[in-house]
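K.L.:
Structure: run.pdb, PDB, C-alpha atoms.
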ATOM      1  CA  MET E   1       0.000   0.000   0.000
ATOM      2  CA  GLN E   2       2.753   2.457   0.900
ATOM      3  CA  LEU E   3       4.561   1.650  -2.312
ATOM      4  CA  GLN E   4       1.453   2.500  -4.291
ATOM      5  CA  LEU E   5       1.085   5.859  -2.491
ATOM      6  CA  ILE E   6       4.729   6.729  -3.142
ATOM      7  CA  SER E   7       4.378   5.826  -6.792
ATOM      8  CA  PHE E   8       1.268   7.959  -7.082
ATOM      9  CA  VAL E   9       3.011  11.001  -5.553
ATOM     10  CA  LEU E  10       5.950  10.622  -7.847
ATOM     11  CA  ILE E  11       3.670  10.421 -10.862
ATOM     12  CA  LEU E  12       1.852  13.607  -9.805
ATOM     13  CA  ARG E  13       5.116  15.542  -9.270
ATOM     14  CA  CYS E  14       6.404  14.330 -12.588
ATOM     15  CA  MET E  15       3.275  15.593 -14.300
ATOM     16  CA  GLU E  16       3.593  18.957 -12.521
ATOM     17  CA  TYR E  17       7.263  19.228 -13.571
ATOM     18  CA  THR E  18       6.379  18.387 -17.163
ATOM     19  CA  ASN E  19       3.675  21.042 -17.220
ATOM     20  CA  CYS E  20       6.097  23.589 -15.728
ATOM     21  CA  GLN E  21       8.754  22.809 -18.300
ATOM     22  CA  GLN E  22       6.222  23.195 -21.103
ATOM     23  CA  HIS E  23       5.018  26.485 -19.601
ATOM     24  CA  ALA E  24       8.577  27.783 -19.271
ATOM     25  CA  SER E  25       9.413  26.769 -22.796
ATOM     26  CA  ARG E  26       6.423  28.751 -24.056
ATOM     27  CA  HIS E  27       7.399  31.936 -22.203
ATOM     28  CA  ARG E  28      11.222  31.724 -22.021
ATOM     29  CA  HIS E  29      12.114  32.782 -25.525
ATOM     30  CA  LYS E  30      10.676  35.913 -27.019
ATOM     31  CA  PRO E  31      11.382  37.593 -30.303
ATOM     32  CA  SER E  32      14.389  39.963 -30.171
ATOM     33  CA  THR E  33      12.119  42.900 -30.956
ATOM     34  CA  GLY E  34      10.744  42.831 -27.390
ATOM     35  CA  CYS E  35      14.111  42.371 -25.623
ATOM     36  CA  GLN E  36      16.401  44.940 -24.102
ATOM     37  CA  SER E  37      19.127  46.505 -26.211
ATOM     38  CA  GLY E  38      21.862  43.984 -26.986
ATOM     39  CA  CYS E  39      19.788  40.880 -26.232
ATOM     40  CA  LEU E  40      19.528  38.169 -28.832
ATOM     41  CA  THR E  41      16.949  36.148 -26.876
ATOM     42  CA  CYS E  42      15.250  36.987 -23.605
ATOM     43  CA  SER E  43      12.673  36.031 -21.015
ATOM     44  CA  GLU E  44      10.090  38.272 -19.458
ATOM     45  CA  TYR E  45      11.122  37.049 -16.022
ATOM     46  CA  ASN E  46      14.878  36.474 -16.425
ATOM     47  CA  GLY E  47      15.761  39.210 -18.924
ATOM     48  CA  CYS E  48      18.434  38.448 -21.515
ATOM     49  CA  LEU E  49      19.174  34.791 -22.098
ATOM     50  CA  SER E  50      21.729  35.308 -24.883
ATOM     51  CA  CYS E  51      23.478  38.339 -26.345
ATOM     52  CA  LYS E  52      24.337  39.651 -29.747
ATOM     53  CA  PRO E  53      27.874  38.910 -31.001
ATOM     54  CA  ARG E  54      30.809  40.375 -28.998
ATOM     55  CA  LEU E  55      28.581  41.347 -26.039
ATOM     56  CA  PHE E  56      28.948  39.775 -22.586
ATOM     57  CA  ILE E  57      25.964  38.421 -20.648
ATOM     58  CA  PHE E  58      25.964  39.525 -17.023
ATOM     59  CA  LEU E  59      23.558  38.337 -14.309
ATOM     60  CA  GLU E  60      22.449  41.209 -12.118
ATOM     61  CA  ARG E  61      21.338  40.076  -8.673
ATOM     62  CA  ASN E  62      18.343  41.695  -7.058
ATOM     63  CA  GLY E  63      17.753  39.828  -3.839
ATOM     64  CA  MET E  64      17.102  36.199  -4.825
ATOM     65  CA  LYS E  65      16.342  37.131  -8.401
ATOM     66  CA  GLN E  66      18.930  37.307 -11.196
ATOM     67  CA  THR E  67      18.292  39.236 -14.394
ATOM     68  CA  GLY E  68      20.460  38.889 -17.479
ATOM     69  CA  VAL E  69      21.799  42.019 -19.259
ATOM     70  CA  CYS E  70      24.148  42.340 -22.246
ATOM     71  CA  LEU E  71      27.198  44.603 -21.841
ATOM     72  CA  PRO E  72      30.167  45.567 -24.070
ATOM     73  CA  SER E  73      32.530  44.883 -21.117
ATOM     74  CA  CYS E  74      32.213  43.286 -17.715
ATOM     75  CA  PRO E  75      31.854  45.501 -14.607
ATOM     76  CA  SER E  76      34.461  45.850 -11.871
ATOM     77  CA  GLY E  77      34.959  42.634  -9.938
ATOM     78  CA  TYR E  78      34.266  40.453 -12.995
ATOM     79  CA  TYR E  79      36.256  39.329 -15.985
ATOM     80  CA  GLY E  80      35.033  38.296 -19.414
ATOM     81  CA  THR E  81      35.372  34.855 -21.011
ATOM     82  CA  ARG E  82      34.580  34.199 -24.647
ATOM     83  CA  SER E  83      33.453  30.999 -26.327
ATOM     84  CA  PRO E  84      31.879  30.148 -29.703
ATOM     85  CA  ASP E  85      28.444  29.880 -28.101
ATOM     86  CA  ARG E  86      28.360  32.823 -25.664
ATOM     87  CA  ASN E  87      30.437  35.402 -23.790
ATOM     88  CA  ASP E  88      30.067  35.419 -20.012
ATOM     89  CA  CYS E  89      31.051  37.757 -17.152
ATOM     90  CA  THR E  90      32.709  35.703 -14.404
ATOM     91  CA  LYS E  91      33.271  36.958 -10.856
ATOM     92  CA  CYS E  92      36.868  37.611  -9.690
ATOM     93  CA  ARG E  93      38.418  36.031  -6.616
ATOM     94  CA  PRO E  94      37.114  37.451  -3.314
ATOM     95  CA  GLU E  95      40.345  39.393  -2.570
ATOM     96  CA  CYS E  96      40.397  41.015  -6.038
ATOM     97  CA  ASP E  97      38.689  44.320  -6.709
ATOM     98  CA  SER E  98      39.257  43.830 -10.450
ATOM     99  CA  CYS E  99      40.932  41.062 -12.417
ATOM    100  CA  PHE E 100      42.002  39.974 -15.865
ATOM    101  CA  THR E 101      41.448  36.258 -15.330
ATOM    102  CA  SER E 102      40.531  34.066 -12.374
ATOM    103  CA  ASN E 103      44.218  33.874 -11.406
ATOM    104  CA  PHE E 104      45.407  37.403 -12.281
ATOM    105  CA  CYS E 105      44.182  40.358 -10.259
ATOM    106  CA  THR E 106      44.706  43.940 -11.450
ATOM    107  CA  ARG E 107      43.543  45.670  -8.233
ATOM    108  CA  CYS E 108      43.019  44.384  -4.730
ATOM    109  CA  ARG E 109      40.330  44.990  -2.168
ATOM    110  CA  PRO E 110      41.224  47.010   0.983
ATOM    111  CA  GLY E 111      43.522  45.032   3.261
ATOM    112  CA  PHE E 112      45.247  43.229   0.374
ATOM    113  CA  TYR E 113      48.243  44.307  -1.711
ATOM    114  CA  LEU E 114      48.911  43.431  -5.333
ATOM    115  CA  HIS E 115      52.105  41.619  -6.256
ATOM    116  CA  GLN E 116      52.605  39.853  -9.602
ATOM    117  CA  GLY E 117      48.864  39.481 -10.185
ATOM    118  CA  LYS E 118      48.146  38.160  -6.696
ATOM    119  CA  CYS E 119      46.453  39.954  -3.808
ATOM    120  CA  LEU E 120      48.462  39.355  -0.644
ATOM    121  CA  GLN E 121      47.927  40.346   2.956
ATOM    122  CA  THR E 122      51.696  40.558   3.561
ATOM    123  CA  CYS E 123      54.270  41.739   1.023
ATOM    124  CA  PRO E 124      57.343  39.601   0.256
ATOM    125  CA  GLU E 125      60.847  40.509   1.408
ATOM    126  CA  GLY E 126      62.318  43.617  -0.212
ATOM    127  CA  ARG E 127      58.902  45.221  -0.725
ATOM    128  CA  VAL E 128      56.610  47.297   1.445
ATOM    129  CA  ALA E 129      52.834  47.709   1.394
ATOM    130  CA  SER E 130      51.468  50.901  -0.168
ATOM    131  CA  THR E 131      48.012  51.595   1.232
ATOM    132  CA  ALA E 132      47.284  54.283  -1.369
ATOM    133  CA  GLN E 133      48.147  52.030  -4.318
ATOM    134  CA  ARG E 134      47.161  48.746  -2.619
ATOM    135  CA  GLU E 135      50.358  47.292  -4.014
ATOM    136  CA  CYS E 136      53.603  45.808  -2.768
ATOM    137  CA  VAL E 137      56.199  48.390  -3.833
ATOM    138  CA  LEU E 138      59.957  48.277  -3.636
ATOM    139  CA  GLU E 139      61.559  49.330  -0.398
ATOM    140  CA  CYS E 140      63.453  52.338  -1.762
ATOM    141  CA  PRO E 141      66.264  54.238  -0.017
ATOM    142  CA  ALA E 142      65.183  57.046   2.251
ATOM    143  CA  ASP E 143      66.080  59.759  -0.284
ATOM    144  CA  CYS E 144      64.044  58.064  -3.073
ATOM    145  CA  GLU E 145      60.388  58.659  -3.752
ATOM    146  CA  SER E 146      60.226  55.761  -6.211
ATOM    147  CA  CYS E 147      62.729  53.169  -7.416
ATOM    148  CA  VAL E 148      63.179  50.038  -9.519
ATOM    149  CA  SER E 149      65.460  48.373  -7.009
ATOM    150  CA  SER E 150      67.038  49.012  -3.650
ATOM    151  CA  ASP E 151      69.880  50.973  -5.286
ATOM    152  CA  ALA E 152      68.229  52.455  -8.395
ATOM    153  CA  CYS E 153      65.920  55.431  -7.887
ATOM    154  CA  THR E 154      63.516  56.772 -10.505
ATOM    155  CA  ARG E 155      62.404  59.869  -8.570
ATOM    156  CA  CYS E 156      63.903  61.612  -5.566
ATOM    157  CA  ALA E 157      62.357  62.978  -2.421
ATOM    158  CA  ALA E 158      62.130  66.739  -1.879
ATOM    159  CA  GLY E 159      65.562  68.358  -1.483
ATOM    160  CA  PHE E 160      67.377  65.712  -3.578
ATOM    161  CA  PHE E 161      68.248  65.613  -7.269
ATOM    162  CA  LEU E 162      68.428  62.501  -9.445
ATOM    163  CA  LEU E 163      71.599  61.668 -11.369
ATOM    164  CA  GLN E 164      72.338  58.217 -12.781
ATOM    165  CA  ALA E 165      69.677  56.540 -10.560
ATOM    166  CA  LYS E 166      71.158  58.175  -7.418
ATOM    167  CA  CYS E 167      69.632  60.953  -5.329
ATOM    168  CA  LEU E 168      72.113  63.711  -4.432
ATOM    169  CA  HIS E 169      71.930  66.786  -2.201
ATOM    170  CA  THR E 170      74.151  68.819  -4.551
ATOM    171  CA  CYS E 171      74.789  68.364  -8.254
ATOM    172  CA  PRO E 172      78.453  67.766  -9.227
ATOM    173  CA  GLU E 173      80.579  70.096 -11.355
ATOM    174  CA  GLU E 174      79.303  70.743 -14.880
ATOM    175  CA  TYR E 175      75.760  69.877 -13.706
ATOM    176  CA  GLU E 176      73.009  72.051 -12.310
ATOM    177  CA  PRO E 177      69.718  71.259 -10.519
ATOM    178  CA  SER E 178      66.415  71.277 -12.374
ATOM    179  CA  ASP E 179      63.736  72.008  -9.782
ATOM    180  CA  PRO E 180      60.640  70.866 -11.717
ATOM    181  CA  ALA E 181      62.097  67.421 -12.481
ATOM    182  CA  LEU E 182      64.293  67.147  -9.359
ATOM    183  CA  GLU E 183      67.212  66.095 -11.558
ATOM    184  CA  CYS E 184      70.819  67.105 -12.175
ATOM    185  CA  ILE E 185      71.061  68.229 -15.794
ATOM    186  CA  PRO E 186      74.252  69.100 -17.735
ATOM    187  CA  GLN E 187      75.174  72.770 -17.827
ATOM    188  CA  VAL E 188      74.899  74.457 -21.210
ATOM    189  CA  HIS E 189      77.420  77.221 -21.960
ATOM    190  CA  CYS E 190      76.805  79.999 -24.443
ATOM    191  CA  GLU E 191      78.243  79.677 -27.938
ATOM    192  CA  VAL E 192      78.447  82.538 -30.439
ATOM    193  CA  ASP E 193      79.284  82.815 -34.128
ATOM    194  CA  GLU E 194      82.156  84.780 -35.688
ATOM    195  CA  TRP E 195      81.965  88.572 -35.968
ATOM    196  CA  SER E 196      80.438  90.003 -39.119
ATOM    197  CA  GLU E 197      82.283  92.569 -41.245
ATOM    198  CA  TRP E 198      82.284  96.179 -40.061
ATOM    199  CA  SER E 199      79.399  98.163 -41.491
ATOM    200  CA  PRO E 200      80.013 101.280 -43.644
ATOM    201  CA  CYS E 201      80.845 104.415 -41.699
ATOM    202  CA  SER E 202      77.630 106.294 -41.018
ATOM    203  CA  ARG E 203      76.141 108.969 -38.831
ATOM    204  CA  PRO E 204      72.621 108.816 -37.387
ATOM    205  CA  GLY E 205      70.201 111.041 -39.282
ATOM    206  CA  LYS E 206      72.672 111.972 -42.035
ATOM    207  CA  THR E 207      73.637 110.572 -45.391
ATOM    208  CA  CYS E 208      76.007 113.366 -46.483
ATOM    209  CA  GLY E 209      77.824 116.425 -45.183
ATOM    210  CA  PHE E 210      79.660 114.637 -42.371
ATOM    211  CA  LYS E 211      83.232 113.518 -41.846
ATOM    212  CA  ARG E 212      83.114 111.622 -38.531
ATOM    213  CA  GLY E 213      80.719 108.748 -37.831
ATOM    214  CA  GLU E 214      80.632 105.194 -36.483
ATOM    215  CA  GLU E 215      80.644 101.653 -37.821
ATOM    216  CA  THR E 216      79.204  98.496 -36.234
ATOM    217  CA  ARG E 217      79.466  94.703 -36.357
ATOM    218  CA  THR E 218      77.416  91.851 -34.853
ATOM    219  CA  ARG E 219      77.485  88.102 -34.240
ATOM    220  CA  LYS E 220      74.772  85.486 -33.607
ATOM    221  CA  VAL E 221      74.125  83.307 -30.550
ATOM    222  CA  LEU E 222      74.494  79.658 -31.598
ATOM    223  CA  ARG E 223      73.562  78.122 -28.230
ATOM    224  CA  THR E 224      71.591  79.733 -25.413
ATOM    225  CA  PRO E 225      73.123  79.029 -21.983
ATOM    226  CA  SER E 226      71.336  77.244 -19.159
ATOM    227  CA  PRO E 227      70.567  79.228 -15.960
ATOM    228  CA  GLN E 228      73.973  78.416 -14.415
ATOM    229  CA  GLY E 229      75.976  78.097 -17.658
ATOM    230  CA  ASN E 230      78.520  80.634 -18.913
ATOM    231  CA  PRO E 231      76.667  83.737 -20.157
ATOM    232  CA  CYS E 232      77.015  85.076 -23.678
ATOM    233  CA  PRO E 233      79.687  87.714 -24.478
ATOM    234  CA  PRO E 234      78.692  90.964 -26.235
ATOM    235  CA  ILE E 235      77.142  90.339 -29.623
ATOM    236  CA  HIS E 236      77.202  93.993 -30.799
ATOM    237  CA  GLU E 237      80.166  96.377 -31.138
ATOM    238  CA  LYS E 238      80.705  99.882 -32.551
ATOM    239  CA  ARG E 239      83.660 102.208 -33.075
ATOM    240  CA  ASP E 240      84.348 105.734 -34.356
ATOM    241  CA  CYS E 241      85.405 106.228 -37.946
ATOM    242  CA  VAL E 242      86.432 109.027 -40.325
ATOM    243  CA  VAL E 243      85.398 109.258 -43.974
ATOM    244  CA  ARG E 244      85.955 111.671 -46.812
ATOM    245  CA  LYS E 245      83.339 114.364 -46.486
ATOM    246  CA  LYS E 246      80.637 114.021 -49.080
ATOM    247  CA  LYS E 247      78.858 117.120 -50.367
ATOM    248  CA  CYS E 248      75.099 117.115 -50.012
ATOM    249  CA  PRO E 249      73.129 117.594 -53.267
ATOM    250  CA  GLY E 250      71.756 121.160 -53.839
ATOM    251  CA  LYS E 251      74.147 122.890 -51.427
ATOM    252  CA  GLY E 252      77.180 123.351 -53.717
ATOM    253  CA  ASN E 253      76.139 126.810 -55.150
ATOM    254  CA  ARG E 254      75.638 128.371 -51.753
ATOM    255  CA  ARG E 255      79.191 128.096 -50.606
ATOM    256  CA  PRO E 256      80.662 130.981 -52.757
ATOM    257  CA  ASP E 257      77.966 133.334 -51.455
ATOM    258  CA  ARG E 258      78.746 132.304 -47.958
ATOM    259  CA  LYS E 259      82.433 132.852 -48.579
ATOM    260  CA  ASN E 260      81.785 136.333 -50.007
ATOM    261  CA  ARG E 261      79.632 137.208 -47.043
ATOM    262  CA  ASN E 262      82.403 136.103 -44.724
ATOM    263  CA  ASN E 263      84.947 138.207 -46.638
ATOM    264  CA  ARG E 264      82.732 141.296 -46.489
ATOM    265  CA  ARG E 265      82.149 140.761 -42.801
ATOM    266  CA  ASP E 266      85.901 140.483 -42.176
ATOM    267  CA  LYS E 267      86.534 143.666 -44.204
ATOM    268  CA  GLU E 268      83.876 145.606 -42.302
ATOM    269  CA  ASN E 269      85.312 144.421 -39.007
ATOM    270  CA  THR E 270      88.802 145.532 -40.079
ATOM    271  CA  GLU E 271      87.560 148.987 -41.114
ATOM    272  CA  SER E 272      85.665 149.353 -37.874
ATOM    273  CA  ARG E 273      88.812 148.534 -35.901
ATOM    274  CA  HIS E 274      90.804 151.122 -37.850
ATOM    275  CA  GLU E 275      88.130 153.787 -37.243
ATOM    276  CA  ARG E 276      88.082 153.121 -33.533
ATOM    277  CA  LYS E 277      91.872 153.351 -33.447
ATOM    278  CA  ARG E 278      91.821 156.767 -35.171
ATOM    279  CA  GLU E 279      89.277 158.074 -32.687
ATOM    280  CA  ARG E 280      91.394 156.869 -29.786
ATOM    281  CA  ASP E 281      94.511 158.613 -31.193
ATOM    282  CA  LYS E 282      92.579 161.861 -31.628
ATOM    283  CA  ASP E 283      91.347 161.723 -28.042
ATOM    284  CA  ARG E 284      94.889 161.198 -26.788
ATOM    285  CA  LYS E 285      96.163 164.274 -28.716
ATOM    286  CA  THR E 286      93.375 166.463 -27.389
ATOM    287  CA  ALA E 287      94.132 165.380 -23.852
ATOM    288  CA  ALA E 288      97.828 166.197 -24.314
ATOM    289  CA  THR E 289      97.245 169.864 -25.480
ATOM    290  CA  ALA E 290      94.569 170.716 -22.918
ATOM    291  CA  PRO E 291      96.926 171.704 -19.973
ATOM    292  CA  ALA E 292      98.909 174.288 -21.984
ATOM    293  CA  ALA E 293      95.797 176.103 -23.159
ATOM    294  CA  GLY E 294      94.559 176.312 -19.603
ATOM    295  CA  VAL E 295      97.778 178.003 -18.392
ATOM    296  CA  GLU E 296      97.627 180.678 -21.103
ATOM    297  CA  GLU E 297      93.987 181.390 -20.299
ATOM    298  CA  ASP E 298      94.779 181.826 -16.574
ATOM    299  CA  SER E 299      97.682 184.203 -17.324
ATOM    300  CA  GLU E 300      95.500 186.346 -19.587
ATOM    301  CA  ASN E 301      92.800 186.511 -16.952
ATOM    302  CA  ARG E 302      95.306 187.643 -14.360
ATOM    303  CA  ASN E 303      96.639 190.427 -16.677
ATOM    304  CA  LYS E 304      93.131 191.709 -17.275
ATOM    305  CA  THR E 305      92.427 191.848 -13.554
ATOM    306  CA  GLU E 306      95.654 193.721 -12.936
ATOM    307  CA  ARG E 307      94.824 196.318 -15.612
ATOM    308  CA  ARG E 308      91.367 196.907 -14.183
ATOM    309  CA  ARG E 309      92.824 197.400 -10.748
ATOM    310  CA  ARG E 310      95.344 199.955 -12.044
ATOM    311  CA  ARG E 311      92.676 201.910 -13.808
ATOM    312  CA  GLY E 312      90.717 202.096 -10.616
ATOM    313  CA  HIS E 313      93.658 203.588  -8.703
ATOM    314  CA  THR E 314      94.196 206.220 -11.354
ATOM    315  CA  ARG E 315      90.627 207.468 -11.227
ATOM    316  CA  ASN E 316      90.436 207.747  -7.372
ATOM    317  CA  PRO E 317      93.827 209.074  -5.949
ATOM    318  CA  THR E 318      94.030 209.262  -2.138
ATOM    319  CA  SER E 319      96.410 210.942   0.289
ATOM    320  CA  VAL E 320      98.120 209.559   3.199
ATOM    321  CA  ASP E 321      95.737 211.349   5.573
ATOM    322  CA  GLY E 322      92.761 209.967   3.835
ATOM    323  CA  VAL E 323      91.725 213.267   2.225
ATOM    324  CA  THR E 324      91.182 213.645  -1.462
ATOM    325  CA  GLY E 325      93.448 216.259  -3.059
ATOM    326  CA  GLN E 326      92.142 219.496  -4.629
TER     327      GLN E 326
END
Please re-express this file's structure in structure tokens.

P.N.:
Amino acid sequence: MQLQLISFVLILRCMEYTNCQQHASRHRHKPSTGCQSGCLTCSEYNGCLSCKPRLFIFLERNGMKQTGVCLPSCPSGYYGTRSPDRNDCTKCRPECDSCFTSNFCTRCRPGFYLHQGKCLQTCPEGRVASTAQRECVLECPADCESCVSSDACTRCAAGFFLLQAKCLHTCPEEYEPSDPALECIPQVHCEVDEWSEWSPCSRPGKTCGFKRGEETRTRKVLRTPSPQGNPCPPIHEKRDCVVRKKKCPGKGNRRPDRKNRNNRRDKENTESRHERKRERDKDRKTAATAPAAGVEEDSENRNKTERRRRRGHTRNPTSVDGVTGQ
């Protein structure tokens, strides 16, 4: 009796399973026109079931439900696998944040450090854990910011300058520091070309009518010096020069007139000097004769006074007693 009941239950479950399979087969595949973008076949309940060529199928989890979507590349934490039938997105190892294959991580989750495609909790000897990069990096010397080995730096810490994979406080002779790159670079000294020929003798603002001027010469800078290299010498020189005076056009006929005017002026000045000399001589002669004339005039005046006095005595005779004679 029990065997009959068990057989009956199994038959019923088998019938239910067959009906479910038939129902699923009727609703699983839909035409591509009703699917999401990129789906080749799809289900109303499960989303994409297969993708168009070169797209990856990815199962999005929403609680207990998984929905298929077709993507051009797999999201972070998954890697893509291709096959002739379909392209799938496969989950990376738990310690990997992103991976290339199941055995090659490209970035680790927090608490793990990448080394040769593996995510490790402890870095091997000669390397230290970098929390920012989540990688096992080389244990560089103290003056190195980055390195390729324990004695080969690729970038120096602040205050040091890189030269031949070494970090130095001061650059050696014939080198100078480059602050942006923190490197010792070779010094560059100035180089100049040969002097040019001297220019024709000239005078600023004039093309004729001058005798003294200046001439110049120049040379080019072939190599510009670095900040601490030898500076450039002078590249421009000038010197005084003398040339045969060249007459200016249109001024040749004026020179005789000017010469005549100068001659007349000299003649007038000479005559004026002679006239002034004659006047001075005349004044000297007049001054020399003036004293003699004054003496004669004084003598004549005294004679006249004496004669008037005598005439007065003659007209009014007086006696000794003061009585006029009869």

K.L.:
Grab all the atoms of region 219-231 of chain E that the file lists, wrap them in a box along x, y and z, add 3 Å per side, and give me centre plus edge lengths in Å (one decimal) as lines of an AutoDock Vina configuration file.

P.N.:
center_x = 74.5
center_y = 82.7
center_z = -24.3
size_x = 14.0
size_y = 16.9
size_z = 25.8

K.L.:
Would you work out the distance separating CA of Cys136 (chain E) from CA of Cys123 (chain E), expressed in Å to one decimal?

P.N.:
5.6 Å

K.L.:
Hey, can you check how far CA of Ala132 (chain E) sits from CA of Arg109 (chain E)?

P.N.:
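Distance reported for this atom pair: 11.6 Å.
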
K.L.:
Given the choices E:Cys119, E:Ile57, E:Ala157, E:Cys241, which gets closest to Thr90 (chain E) if the distance is worked out from all atoms listed in the file?

P.N.:
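When distances to Thr90 (chain E) are compared using all atoms listed in the file, the smallest one comes from E:Ile57.
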
K.L.:
One number please: CA of Gly250 (chain E) to CA of Lys267 (chain E), in Å, one decimal.

P.N.:
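CA of Lys267 (chain E) lies at a distance of 28.6 Å from CA of Gly250 (chain E).
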
K.L.:
What would the selection look like, as an mmCIF file with C-alpha atoms, in the coordinates of the input, if the PyMOL selection byres ((chain E and resi 248) around 6) were run on the coordinates I just shared?

P.N.:
data_model
loop_
_atom_site.group_PDB
_atom_site.id
_atom_site.type_symbol
_atom_site.label_atom_id
_atom_site.label_comp_id
_atom_site.auth_asym_id
_atom_site.auth_seq_id
_atom_site.Cartn_x
_atom_site.Cartn_y
_atom_site.Cartn_z
ATOM 1 C CA CYS E 208 76.007 113.366 -46.483
ATOM 2 C CA GLY E 209 77.824 116.425 -45.183
ATOM 3 C CA LYS E 247 78.858 117.120 -50.367
ATOM 4 C CA PRO E 249 73.129 117.594 -53.267
#

K.L.:
I'd like the neighbourhood of Cys39 (chain E) as a list in words, where a residue qualifies if any of its atoms comes within 10 Å (using all atoms listed in the file), though same-chain residues fewer than 6 positions away should be ignored.

P.N.:
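Listed by chain and then number, they are Pro31, Ser32, Thr33, Gly47, Cys48, Leu49, Ser50, Cys51, Lys52, Pro53, Leu55, Phe56, Ile57, Gly68, Val69, Cys70 and Leu71 of chain E.
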
K.L.:
Taking all atoms listed in the file into account, which of E:Pro177, E:Gly205, E:Pro84, E:Pro75 comes nearest Gly159 (chain E)?

P.N.:
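Among the listed residues, the smallest separation from Gly159 (chain E) belongs to E:Pro177.
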
K.L.:
Using the chain letters and numbers from this file, what does the PyMOL selection byres ((chain E and resi 110) around 12) select? Give the answer as a list in words.

P.N.:
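Matching residues under the PyMOL selection byres ((chain E and resi 110) around 12) are Pro94, Glu95, Cys96, Asp97, Arg107, Cys108, Arg109, Gly111, Phe112, Tyr113, Leu114, Cys119, Leu120, Gln121, Ala129, Ser130, Thr131, Ala132, Gln133, Arg134 and Glu135 of chain E.
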
K.L.:
Starting from the shown file, work through the PyMOL selection byres ((chain E and resi 149) around 9) and note down what comes out as a CSV table (one decimal) with C-alpha atoms, keeping the file's coordinate frame.

P.N.:
chain,number,residue,atom,x,y,z
E,126,GLY,CA,62.3,43.6,-0.2
E,138,LEU,CA,60.0,48.3,-3.6
E,139,GLU,CA,61.6,49.3,-0.4
E,140,CYS,CA,63.5,52.3,-1.8
E,147,CYS,CA,62.7,53.2,-7.4
E,148,VAL,CA,63.2,50.0,-9.5
E,150,SER,CA,67.0,49.0,-3.6
E,151,ASP,CA,69.9,51.0,-5.3
E,152,ALA,CA,68.2,52.5,-8.4
E,153,CYS,CA,65.9,55.4,-7.9

K.L.:
List the neighbours of region 217-233 of chain E out to 6 Å using all atoms listed in the file; skip same-chain residues closer than 3 positions along the sequence, and give me the result as a PyMOL selection string.

P.N.:
chain E and resi 187-196+198+236-237
